[in-house]
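Asker: My file is coords.cif. It has mmCIF, C-alpha atoms:
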data_run
loop_
_atom_site.label_atom_id
_atom_site.label_comp_id
_atom_site.auth_asym_id
_atom_site.auth_seq_id
_atom_site.Cartn_x
_atom_site.Cartn_y
_atom_site.Cartn_z
CA MET A 685 7.73 -7.40 3.22
CA ILE A 686 5.80 -4.82 1.19
CA ARG A 687 5.07 -7.26 -1.59
CA ALA A 688 3.98 -9.97 0.86
CA LEU A 689 1.48 -7.59 2.46
CA ILE A 690 0.18 -6.51 -0.92
CA GLU A 691 -0.04 -10.10 -2.17
CA SER A 692 -2.14 -10.93 0.88
CA ALA A 693 -4.48 -8.04 0.10
CA PHE A 694 -4.94 -9.31 -3.45
CA GLN A 695 -5.58 -12.85 -2.22
CA THR A 696 -8.16 -11.83 0.35
CA GLY A 697 -9.63 -8.85 -1.48
CA CYS A 698 -9.14 -6.77 1.66
CA LEU A 699 -6.39 -4.51 2.98
CA SER A 700 -6.51 -4.80 6.76
CA VAL A 701 -5.81 -1.92 9.10
CA GLU A 702 -2.82 -3.86 10.42
CA SER A 703 -1.35 -4.49 6.97
CA GLU A 704 -1.85 -0.89 5.97
CA GLY A 705 -0.10 0.24 9.15
CA LEU A 706 2.82 -2.06 8.43
CA LEU A 707 3.03 -0.72 4.89
CA HIS A 708 3.27 2.81 6.25
CA GLN A 709 5.98 1.80 8.73
CA VAL A 710 8.10 0.06 6.10
CA LEU A 711 7.70 2.94 3.66
CA ALA A 712 8.69 5.43 6.36
CA THR A 713 11.97 3.57 6.89
CA LYS A 714 12.66 3.79 3.14
CA SER A 715 13.27 0.03 3.08
CA TYR A 716 11.81 -0.60 -0.35
CA ASP A 717 12.85 -1.00 -3.97
CA SER A 718 11.32 -0.34 -7.37
CA LYS A 719 9.42 -3.68 -7.33
CA ASP A 720 7.84 -2.69 -4.02
CA LEU A 721 6.73 0.63 -5.49
CA ALA A 722 5.27 -1.12 -8.53
CA ALA A 723 3.32 -3.45 -6.22
CA LEU A 724 2.14 -0.46 -4.20
CA ALA A 725 0.94 1.25 -7.39
CA ALA A 726 -0.97 -1.91 -8.35
CA LEU A 727 -2.55 -1.98 -4.89
CA ASP A 728 -3.54 1.66 -5.21
CA GLU A 729 -5.19 0.98 -8.58
CA ALA A 730 -7.03 -2.06 -7.21
CA VAL A 731 -8.32 -0.08 -4.22
CA ARG A 732 -9.47 2.77 -6.46
CA ALA A 733 -11.21 0.29 -8.79
CA GLY A 734 -12.95 -1.39 -5.85
CA GLN A 735 -11.20 -4.72 -6.38
CA ILE A 736 -9.68 -4.50 -2.91
CA LYS A 737 -11.58 -3.12 0.06
CA ARG A 738 -9.89 -1.23 2.87
CA GLU A 739 -10.76 -1.73 6.53
CA ALA A 740 -9.37 1.70 7.40
CA SER A 741 -11.90 4.49 7.49
CA SER A 742 -9.73 7.23 5.98
CA SER A 743 -9.47 6.71 2.24
CA SER A 744 -7.00 9.54 1.81
CA LEU A 745 -4.27 7.99 3.97
CA LEU A 746 -3.31 5.22 1.55
CA MET A 747 -3.49 7.59 -1.39
CA LYS A 748 -1.28 10.12 0.39
CA PHE A 749 1.45 7.57 0.98
CA THR A 750 1.12 6.07 -2.48
CA THR A 751 1.45 9.45 -4.16
CA GLN A 752 4.34 10.45 -1.93
CA TYR A 753 6.41 7.35 -2.63
CA LYS A 754 5.66 7.25 -6.35
CA ARG A 755 7.40 10.61 -6.63
CA SER A 756 10.42 9.68 -4.50
#
What does this structure look like when you write it as structure tokens?
Answerer:
Amino acid sequence: MIRALIESAFQTGCLSVESEGLLHQVLATKSYDSKDLAALAALDEAVRAGQIKREASSSSLLMKFTTQYKRS
């Protein structure tokens, strides 16, 4: 599910509030593998580089989760 949400963000160039919320829910359940984390890291890089825009207003939320799960 994580990779499907991220693939959609890359296809549209936008990470919707709904998709970001789903990402947080899935990550909170710890239902992910190393490929999911790699995709999440790629999403993080694309957001930071401005290749993907976020609908959410808080830029720190995605980064907080990304950093947290990269270390896990």
Asker: Going by the chain IDs and residue numbers used in this file, which residues fall under the PyMOL selection byres ((chain A and resi 726) around 12)? Write them as an NGL selection string.
Answerer: :A and (687 or 690-691 or 693-694 or 719-725 or 727-733 or 735-736 or 750 or 754)
Asker: Nearest to Arg738 in chain A: which of A:Tyr716, A:Leu699, A:Glu704, A:Val710 is it, counting all atoms listed in the file?
Answerer: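 Ranking A:Tyr716, A:Leu699, A:Glu704, A:Val710 by distance to Arg738 in chain A, first place goes to A:Leu699.
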Asker: Please define a box with edges along x, y and z of the file around all atoms of range 692-711 of chain A given in the file, extend it by 4 Å on each side, and return its centre and edge lengths in Å to one decimal, as JSON.
Answerer:
{"center_x": -0.8, "center_y": -5.0, "center_z": 3.5, "size_x": 25.7, "size_y": 23.8, "size_z": 21.9}
Asker: Evaluating the PyMOL selection byres ((chain A and resi 705) around 12) on the displayed file yields which residues, as a list in words?
Answerer: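 Against this file, the PyMOL selection byres ((chain A and resi 705) around 12) returns the residues Ile686, Leu689, Leu699, Ser700, Val701, Glu702, Ser703, Glu704, Leu706, Leu707, His708, Gln709, Val710, Leu711, Ala712, Arg738, Glu739, Ala740, Leu745, Leu746 and Phe749 of chain A.
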